[in-house]
2 protein chains.
Amino acid sequence: MTKTTPEAPAAKSASKSASPVSPLAPKGGFPKLPKIDGVRFASAAAGVRYTSGRTDVMLAEVCAGASLAGVFTRSSTRAAPVVDCERKLAALPDGDDAGYAIIVNSGNANAFTGGAGTEAVAAVTGAVAERLSLPVTHVFSSSTGVIGEPLRFERITAALDTLSDRLSDDAIGDAARAIMTTDTFPKGAAASVELDGTSVSIAGFAKGSGMIAPDMATMLVYIFTDAAIAQPVLQDMVRDLTDRSFNCITVDSDTSTSDTLLMAATGRAGNTQIAEADSPAARAFAAALGQVMTDLAHQVVRDGEGATKFVEVRVTGADSDADARRVALSTANSPLVKTAVAGEDPNWGRIVMAVGKSGARADRDLLAIRLGDILVAEKGWVAPDYREEDGAAYMKREDLVIGIDLGLGSGAATIWTCDLTDRYIAINADYRS
Amino acid sequence: MTKTTPEAPAAKSASKSASPVSPLAPKGGFPKLPKIDGVRFASAAAGVRYTSGRTDVMLAEVCAGASLAGVFTRSSTRAAPVVDCERKLAALPDGDDAGYAIIVNSGNANAFTGGAGTEAVAAVTGAVAERLSLPVTHVFSSSTGVIGEPLRFERITAALDTLSDRLSDDAIGDAARAIMTTDTFPKGAAASVELDGTSVSIAGFAKGSGMIAPDMATMLVYIFTDAAIAQPVLQDMVRDLTDRSFNCITVDSDTSTSDTLLMAATGRAGNTQIAEADSPAARAFAAALGQVMTDLAHQVVRDGEGATKFVEVRVTGADSDADARRVALSTANSPLVKTAVAGEDPNWGRIVMAVGKSGARADRDLLAIRLGDILVAEKGWVAPDYREEDGAAYMKREDLVIGIDLGLGSGAATIWTCDLTDRYIAINADYRS
């Protein structure tokens, strides 16, 4: 078998020139996540690819009676595990009350592996189902890492005894570490909220160096709660909140073929089940879940390859929210804007350029551009009170807000991104010789 | 006035780390271009911005009775000269037989300069009209360089006597040099063709370091011919051929706010005027013109900032030509594909990723990917006979062809691009402090 896209050399060449942890990593390290009643985790070093003994498989077991929801990449070249998850989720019968399992490996993405990929998914999920006495339709899997190589699934199934022996309600942090690939730090977030006098908890973790990484380091997200919530309500909520969190980040506009978000709600907290999307309990829960998802999304951007700046692009005054999103994405994905941010250059002309090419309705002479609170340009020209020194001083910050007001209507959108540095090139050019 | 986006420091920081001329520059240098009967050129050092005495203004005078056509950027934040050109071109009366002038300066793009920008255009074109005894509606202008600073138009008008004294039918090469900004070489191309026994010539020049450059180094293109061709036919032909040449190149997906292409046909060759788009003469002329435009477009890509590879992305088998173009652009603009090319890494998985995110219909299991003639992947997996060493050897070439067959229909498209290197970052991050 030809080795097509090794991950290791890229990581190695990158580590030559910079510290192994992103300068934008959360200062406090991985947060203490609450136990979620009804969910147990385990991780193991299965040797899928890494030979260093690092953990590379995580198993999550979710109790009977839980609700499961998911969102997946819209890429037309989705990897085998994604296709399997989508089919299983769509086919889940109403009132089905068996438990669930989620098994995730790093080291190999099982992507572009032809029919062998589908067979590997069936082998892994089948073995987990047998070991945990679950229907195979309730076992979901993700894979992340090298592509184009067959997944040595027998190494994963060989680790299942160890994994099931280790299942514990206190091992979520280890699970977050087991799914890392080129991530420089594990990503976790939690929240709790009162629903009719009952406290419920939410805990989640994610991996991803931006949308992308050497070999398309996938974004994977797993979130758990002890709240009781009907599956259709949870599914709609997760999809909607994904649009406002993970679908509002971009590192370089490239999209993984394996992106997956799965969320399980065990119902063990004992709250009255949330059955209506527009109930006060649903709104309170969605607010807390949205916080967790946005926090995780920001962490993914902060671990963007080569990132030295976290940038919020805030567009207002557009004809529509859709137009505002076009402008925000055009700006956040513009190599010229991103390199200007890397160089701490308040180059507002590049922002005007990004507005112009976005396809959204815009009028140069109504445009206003701000860096934080500093009004830089208005009415198609530099603002009378703007001083270049102020812009230059602002650009030295680690966290930046670029404000764009189109002056047309009330459409608004926010996108989070990072800068584009020579370290991104070093990581991705993958000088192998 | 605040200096917003200086060009010079970026150019300086770039020159630190690499040779001043692109490694992809045409080996023979600037070609010998034919004289075009009815067109005269002049250039001068007006000191618009550069103080080194380099030429920074060019004037082209086109004889009475000529046809003029143009294509402009679709950016919604177009610079003042572009807006002026568009209006004048749209308003040209039929059968108007005064001559034309085109005046172009480098050093200042007259972009994002509010109402002052429009006044500067009026001042420059008005002065040229007076000096050459032309209606101001027949004088077209372009500006390229720094943005956000007022254009010192009086420096250009002060050079008009010198320029008109120097007008010569043999100065096209100097004109090509006068409009360069961050270009590392001047760009010219020519062709000749027999129309009903009469030989006609085409000569053109362009500037642009890709679509983009520090401060959005605009793409400007000026083409001249002695053929007789009716204005509506010429306009349609130029628009159509632009879609197949300049609109098929991308360096980094960013779009200048000043892109302009102007073409003049003097009719002095004495051929029977081309009055119908589907005549044999029109087809023959379009073929020659297409050659010139594609040649110039390729030269712009070869001068892409930091480029070390010229890449043709050739998509076939799509549902439609539009879908093929989506896949080709998604691939050519993907930072992950471009960095893999820079690193000479035959990372075909990133190509599959780019297909997947393009929005075009695609089926992973029908996809075939080629590097030159080497079949790399088919049916969603690596091709049985593919050897990584072959791919790696191919990637060492300077000119590459990435072939993507979607296996669905007969839609096809070709896009030309370059790689993404750390020199692009160095040029654009503009470390000014």
# chains A, B, ... in the order shown; residues from 1 in each chain; ligands from 1
$ residues_around --residues "Gly270 (chain B)" --least-positions-apart "3" --cutoff "9 Å" --atoms "only C-alpha atoms" --output "PyMOL selection string"
chain B and resi 198-200+226-228+267+273
$ closest_residue --among "B:Ala111, B:Val128, B:Val121, B:Cys248" --to "chain A" --atoms "only C-alpha atoms"
B:Ala111
$ select_by_dssp --residues "region 259-312 of chain B" --states "helix (DSSP H, G or I)" --output "list of chain:residue names"
B:Pro280, B:Ala281, B:Ala282, B:Arg283, B:Ala284, B:Phe285, B:Ala286, B:Ala287, B:Ala288, B:Leu289, B:Gly290, B:Gln291, B:Val292, B:Met293, B:Thr294, B:Asp295, B:Leu296, B:Ala297, B:His298, B:Gln299, B:Val300, B:Val301, B:Arg302
$ write_last_selection --atoms "C-alpha atoms" --output "PDB file, in the first residue's frame"
ATOM      1  CA  PRO B 280     -14.788  33.247 -40.636  1.00  0.00           C
ATOM      2  CA  ALA B 281     -12.766  36.463 -40.263  1.00  0.00           C
ATOM      3  CA  ALA B 282     -14.197  37.047 -36.765  1.00  0.00           C
ATOM      4  CA  ARG B 283     -13.334  33.500 -35.738  1.00  0.00           C
ATOM      5  CA  ALA B 284      -9.795  33.776 -37.086  1.00  0.00           C
ATOM      6  CA  PHE B 285      -9.248  37.096 -35.364  1.00  0.00           C
ATOM      7  CA  ALA B 286     -10.748  35.815 -32.084  1.00  0.00           C
ATOM      8  CA  ALA B 287      -8.390  32.829 -32.144  1.00  0.00           C
ATOM      9  CA  ALA B 288      -5.364  35.112 -32.461  1.00  0.00           C
ATOM     10  CA  LEU B 289      -6.656  37.544 -29.851  1.00  0.00           C
ATOM     11  CA  GLY B 290      -7.421  34.669 -27.499  1.00  0.00           C
ATOM     12  CA  GLN B 291      -3.798  33.542 -27.820  1.00  0.00           C
ATOM     13  CA  VAL B 292      -2.518  36.988 -26.879  1.00  0.00           C
ATOM     14  CA  MET B 293      -4.891  37.264 -23.909  1.00  0.00           C
ATOM     15  CA  THR B 294      -4.117  33.774 -22.602  1.00  0.00           C
ATOM     16  CA  ASP B 295      -0.400  34.427 -22.951  1.00  0.00           C
ATOM     17  CA  LEU B 296      -0.698  37.660 -20.942  1.00  0.00           C
ATOM     18  CA  ALA B 297      -2.899  35.944 -18.339  1.00  0.00           C
ATOM     19  CA  HIS B 298      -0.306  33.199 -17.887  1.00  0.00           C
ATOM     20  CA  GLN B 299       2.424  35.791 -17.448  1.00  0.00           C
ATOM     21  CA  VAL B 300       0.417  37.441 -14.673  1.00  0.00           C
ATOM     22  CA  VAL B 301       0.172  34.093 -12.844  1.00  0.00           C
ATOM     23  CA  ARG B 302       3.881  33.440 -13.394  1.00  0.00           C
TER      24      ARG B 302
END
$ residues_around --residues "Asp303 (chain A)" --least-positions-apart "3" --cutoff "10 Å" --atoms "only C-alpha atoms" --output "compact mmCIF listing (two decimals) with N, CA and C atoms, in the first residue's frame"
# COMPACT_ATOMS: atom_id res chain seq x y z
N VAL A 21 2.95 24.55 21.40
CA VAL A 21 1.60 24.93 21.80
C VAL A 21 1.26 26.32 21.25
N SER A 22 0.04 26.45 20.70
CA SER A 22 -0.38 27.74 20.14
C SER A 22 -0.26 28.84 21.18
N PRO A 23 0.24 30.02 20.74
CA PRO A 23 0.31 31.14 21.68
C PRO A 23 -1.08 31.61 22.11
N LEU A 24 -2.12 31.14 21.38
CA LEU A 24 -3.49 31.55 21.71
C LEU A 24 -4.21 30.51 22.57
N ALA A 25 -3.49 29.50 23.06
CA ALA A 25 -4.10 28.45 23.89
C ALA A 25 -4.69 29.08 25.15
N PRO A 26 -5.83 28.55 25.65
CA PRO A 26 -6.42 29.10 26.87
C PRO A 26 -5.39 29.10 27.98
N THR A 182 -3.17 17.03 15.03
CA THR A 182 -2.18 18.12 15.03
C THR A 182 -2.55 19.22 16.02
N ASP A 183 -3.59 19.01 16.79
CA ASP A 183 -3.98 19.97 17.83
C ASP A 183 -2.79 20.20 18.75
N THR A 184 -2.61 21.44 19.18
CA THR A 184 -1.53 21.69 20.13
C THR A 184 -2.06 21.74 21.57
N PHE A 185 -3.38 21.73 21.75
CA PHE A 185 -3.96 21.60 23.10
C PHE A 185 -5.34 20.95 23.01
N PRO A 186 -5.75 20.19 24.05
CA PRO A 186 -7.10 19.61 24.05
C PRO A 186 -8.13 20.71 24.31
N LYS A 187 -9.34 20.50 23.79
CA LYS A 187 -10.36 21.55 23.84
C LYS A 187 -11.60 21.06 24.56
N LYS A 207 -11.84 18.52 18.72
CA LYS A 207 -10.48 18.55 18.18
C LYS A 207 -10.53 19.25 16.83
N GLY A 208 -9.39 19.77 16.40
CA GLY A 208 -9.34 20.45 15.13
C GLY A 208 -8.39 21.62 15.21
N SER A 209 -7.49 21.72 14.23
CA SER A 209 -6.60 22.86 14.15
C SER A 209 -7.18 23.79 13.13
N GLY A 210 -8.27 24.42 13.48
CA GLY A 210 -9.02 25.15 12.47
C GLY A 210 -9.83 24.15 11.68
N VAL A 251 -10.50 28.91 9.26
CA VAL A 251 -9.07 29.17 9.36
C VAL A 251 -8.54 29.53 7.98
N HIS A 298 -14.34 28.68 19.28
CA HIS A 298 -13.25 29.65 19.43
C HIS A 298 -11.93 28.94 19.71
N GLN A 299 -11.98 27.88 20.51
CA GLN A 299 -10.75 27.15 20.81
C GLN A 299 -10.15 26.52 19.55
N VAL A 300 -11.03 26.06 18.66
CA VAL A 300 -10.54 25.48 17.40
C VAL A 300 -9.81 26.56 16.59
N GLY A 306 -0.56 27.84 12.85
CA GLY A 306 0.29 29.01 12.75
C GLY A 306 -0.33 30.28 13.30
N ALA A 307 -1.53 30.18 13.89
CA ALA A 307 -2.25 31.39 14.33
C ALA A 307 -1.49 32.13 15.43
N THR A 308 -1.42 33.46 15.29
CA THR A 308 -0.89 34.30 16.37
C THR A 308 -1.91 35.34 16.81
N PHE A 310 -6.36 36.08 17.19
CA PHE A 310 -7.75 35.65 17.12
C PHE A 310 -8.56 36.86 16.64
N CYS A 418 -8.43 33.41 12.26
CA CYS A 418 -7.10 33.71 12.77
C CYS A 418 -6.27 34.30 11.63
$ closest_residue --among "A:Ser279, A:Thr137, A:Ser256, A:Ser201" --to "chain B" --atoms "only C-alpha atoms"
A:Ser256
$ residues_around --residues "Ala79 (chain A)" --least-positions-apart "2" --cutoff "10 Å" --atoms "only C-alpha atoms" --output "ChimeraX atom specification"
/A:73,75-77,81-84,109-114,117-118,142-144,147,256-259 /B:364,380
$ write_last_selection --atoms "N, CA and C atoms" --output "PDB file, in the first residue's frame"
ATOM      1  N   THR A  73     -20.314  17.226   8.049  1.00  0.00           N
ATOM      2  CA  THR A  73     -19.801  18.028   6.935  1.00  0.00           C
ATOM      3  C   THR A  73     -20.715  17.891   5.717  1.00  0.00           C
ATOM      4  N   SER A  75     -19.494  18.299   2.739  1.00  0.00           N
ATOM      5  CA  SER A  75     -18.617  17.957   1.627  1.00  0.00           C
ATOM      6  C   SER A  75     -19.216  16.815   0.811  1.00  0.00           C
ATOM      7  N   SER A  76     -19.065  16.881  -0.504  1.00  0.00           N
ATOM      8  CA  SER A  76     -19.590  15.804  -1.340  1.00  0.00           C
ATOM      9  C   SER A  76     -18.626  14.620  -1.393  1.00  0.00           C
ATOM     10  N   THR A  77     -17.468  14.749  -0.761  1.00  0.00           N
ATOM     11  CA  THR A  77     -16.533  13.622  -0.717  1.00  0.00           C
ATOM     12  C   THR A  77     -16.329  13.187   0.737  1.00  0.00           C
ATOM     13  N   PRO A  81     -16.919   6.903   7.719  1.00  0.00           N
ATOM     14  CA  PRO A  81     -17.597   6.972   9.024  1.00  0.00           C
ATOM     15  C   PRO A  81     -18.703   8.031   9.046  1.00  0.00           C
ATOM     16  N   VAL A  82     -18.506   9.131   8.312  1.00  0.00           N
ATOM     17  CA  VAL A  82     -19.517  10.194   8.268  1.00  0.00           C
ATOM     18  C   VAL A  82     -20.782   9.673   7.597  1.00  0.00           C
ATOM     19  N   VAL A  83     -20.591   8.997   6.469  1.00  0.00           N
ATOM     20  CA  VAL A  83     -21.742   8.456   5.741  1.00  0.00           C
ATOM     21  C   VAL A  83     -22.501   7.467   6.634  1.00  0.00           C
ATOM     22  N   ASP A  84     -21.753   6.636   7.375  1.00  0.00           N
ATOM     23  CA  ASP A  84     -22.375   5.663   8.272  1.00  0.00           C
ATOM     24  C   ASP A  84     -23.174   6.361   9.383  1.00  0.00           C
ATOM     25  N   ALA A 109      -7.830   8.608   9.107  1.00  0.00           N
ATOM     26  CA  ALA A 109      -9.153   9.198   8.894  1.00  0.00           C
ATOM     27  C   ALA A 109     -10.118   8.271   8.180  1.00  0.00           C
ATOM     28  N   ASN A 110      -9.636   7.110   7.728  1.00  0.00           N
ATOM     29  CA  ASN A 110     -10.478   6.196   6.961  1.00  0.00           C
ATOM     30  C   ASN A 110     -11.219   6.959   5.857  1.00  0.00           C
ATOM     31  N   ALA A 111     -10.496   7.858   5.193  1.00  0.00           N
ATOM     32  CA  ALA A 111     -11.082   8.663   4.115  1.00  0.00           C
ATOM     33  C   ALA A 111     -10.420   8.280   2.801  1.00  0.00           C
ATOM     34  N   PHE A 112     -11.205   8.228   1.723  1.00  0.00           N
ATOM     35  CA  PHE A 112     -10.699   7.875   0.398  1.00  0.00           C
ATOM     36  C   PHE A 112     -10.065   6.493   0.433  1.00  0.00           C
ATOM     37  N   THR A 113     -10.767   5.564   1.049  1.00  0.00           N
ATOM     38  CA  THR A 113     -10.264   4.209   1.162  1.00  0.00           C
ATOM     39  C   THR A 113     -11.208   3.237   0.458  1.00  0.00           C
ATOM     40  N   GLY A 114     -12.027   3.775  -0.455  1.00  0.00           N
ATOM     41  CA  GLY A 114     -12.880   2.929  -1.269  1.00  0.00           C
ATOM     42  C   GLY A 114     -13.813   2.068  -0.417  1.00  0.00           C
ATOM     43  N   GLY A 117     -13.118   1.161   3.274  1.00  0.00           N
ATOM     44  CA  GLY A 117     -13.474   2.101   4.328  1.00  0.00           C
ATOM     45  C   GLY A 117     -14.800   1.731   4.969  1.00  0.00           C
ATOM     46  N   THR A 118     -15.772   1.406   4.139  1.00  0.00           N
ATOM     47  CA  THR A 118     -17.088   1.029   4.638  1.00  0.00           C
ATOM     48  C   THR A 118     -17.008  -0.255   5.451  1.00  0.00           C
ATOM     49  N   SER A 142     -16.145   7.859  14.422  1.00  0.00           N
ATOM     50  CA  SER A 142     -15.424   8.878  13.667  1.00  0.00           C
ATOM     51  C   SER A 142     -13.968   8.449  13.580  1.00  0.00           C
ATOM     52  N   SER A 143     -13.311   8.902  12.530  1.00  0.00           N
ATOM     53  CA  SER A 143     -11.880   8.628  12.363  1.00  0.00           C
ATOM     54  C   SER A 143     -11.210   9.908  11.898  1.00  0.00           C
ATOM     55  N   THR A 144     -10.006  10.166  12.362  1.00  0.00           N
ATOM     56  CA  THR A 144      -9.295  11.380  11.958  1.00  0.00           C
ATOM     57  C   THR A 144      -7.803  11.101  11.904  1.00  0.00           C
ATOM     58  N   ILE A 147      -5.027  10.074   5.498  1.00  0.00           N
ATOM     59  CA  ILE A 147      -6.048   9.646   4.548  1.00  0.00           C
ATOM     60  C   ILE A 147      -5.442   8.723   3.499  1.00  0.00           C
ATOM     61  N   SER A 256     -12.900  20.035   5.959  1.00  0.00           N
ATOM     62  CA  SER A 256     -12.578  18.623   6.116  1.00  0.00           C
ATOM     63  C   SER A 256     -13.678  17.750   5.545  1.00  0.00           C
ATOM     64  N   THR A 257     -13.303  16.534   5.169  1.00  0.00           N
ATOM     65  CA  THR A 257     -14.268  15.577   4.652  1.00  0.00           C
ATOM     66  C   THR A 257     -14.803  14.680   5.762  1.00  0.00           C
ATOM     67  N   SER A 258     -14.449  14.958   7.008  1.00  0.00           N
ATOM     68  CA  SER A 258     -14.862  14.107   8.118  1.00  0.00           C
ATOM     69  C   SER A 258     -15.544  14.859   9.258  1.00  0.00           C
ATOM     70  N   ASP A 259     -15.753  16.169   9.113  1.00  0.00           N
ATOM     71  CA  ASP A 259     -16.312  16.957  10.228  1.00  0.00           C
ATOM     72  C   ASP A 259     -17.583  16.333  10.786  1.00  0.00           C
TER      73      ASP A 259
ATOM     74  N   ARG B 364     -17.530  10.708  -4.732  1.00  0.00           N
ATOM     75  CA  ARG B 364     -16.186  10.283  -4.335  1.00  0.00           C
ATOM     76  C   ARG B 364     -15.756   9.027  -5.083  1.00  0.00           C
ATOM     77  N   GLY B 380     -12.378   6.682  -5.818  1.00  0.00           N
ATOM     78  CA  GLY B 380     -12.331   7.006  -4.399  1.00  0.00           C
ATOM     79  C   GLY B 380     -11.152   6.432  -3.652  1.00  0.00           C
TER      80      GLY B 380
END
$ closest_residue --among "B:Ala46, B:Ala158, B:Ala328, B:Leu33" --to "Gly411 (chain B)" --atoms "only C-alpha atoms"
B:Ala328
$ closest_residue --among "A:Gly65, A:Gly359, A:Gly343, A:Gly317" --to "chain B" --atoms "only C-alpha atoms"
A:Gly343
$ residues_around --residues "region 165-174 of chain A" --least-positions-apart "4" --cutoff "12 Å" --atoms "only C-alpha atoms" --output "count of residues only"
49
$ closest_residue --among "B:Ala269, B:Ala277, B:Ala392, B:Leu420" --to "Ala342 (chain B)" --atoms "only C-alpha atoms"
B:Leu420
$ atom_distance --atom1 "CA of Arg155 (chain B)" --atom2 "CA of Arg87 (chain B)"
25.0 Å
$ residues_around --residues "Gly403 (chain A)" --least-positions-apart "2" --cutoff "8 Å" --atoms "only C-alpha atoms" --output "list in words"
Val313, Arg314, Val315, Thr316, Ile369, Arg370, Leu371, Gly372, Val401 and Asp405 of chain A
$ write_last_selection --atoms "C-alpha atoms" --output "compact mmCIF listing (two decimals), in the first residue's frame"
# COMPACT_ATOMS: atom_id res chain seq x y z
CA VAL A 313 -15.09 39.99 11.93
CA ARG A 314 -18.32 41.79 12.79
CA VAL A 315 -20.45 42.97 9.86
CA THR A 316 -23.48 45.23 10.32
CA ILE A 369 -14.55 50.32 8.91
CA ARG A 370 -13.47 50.02 12.54
CA LEU A 371 -10.58 48.34 14.32
CA GLY A 372 -12.03 47.74 17.78
CA VAL A 401 -12.27 42.95 16.25
CA ASP A 405 -20.71 48.64 8.57
$ closest_residue --among "A:Phe72, A:Trp416, A:Tyr100, A:Trp348" --to "chain B" --atoms "only C-alpha atoms"
A:Trp348
$ select_by_dssp --residues "region 111-157 of chain B" --states "strand (DSSP E or B)" --output "PyMOL selection string"
chain B and resi 139-146
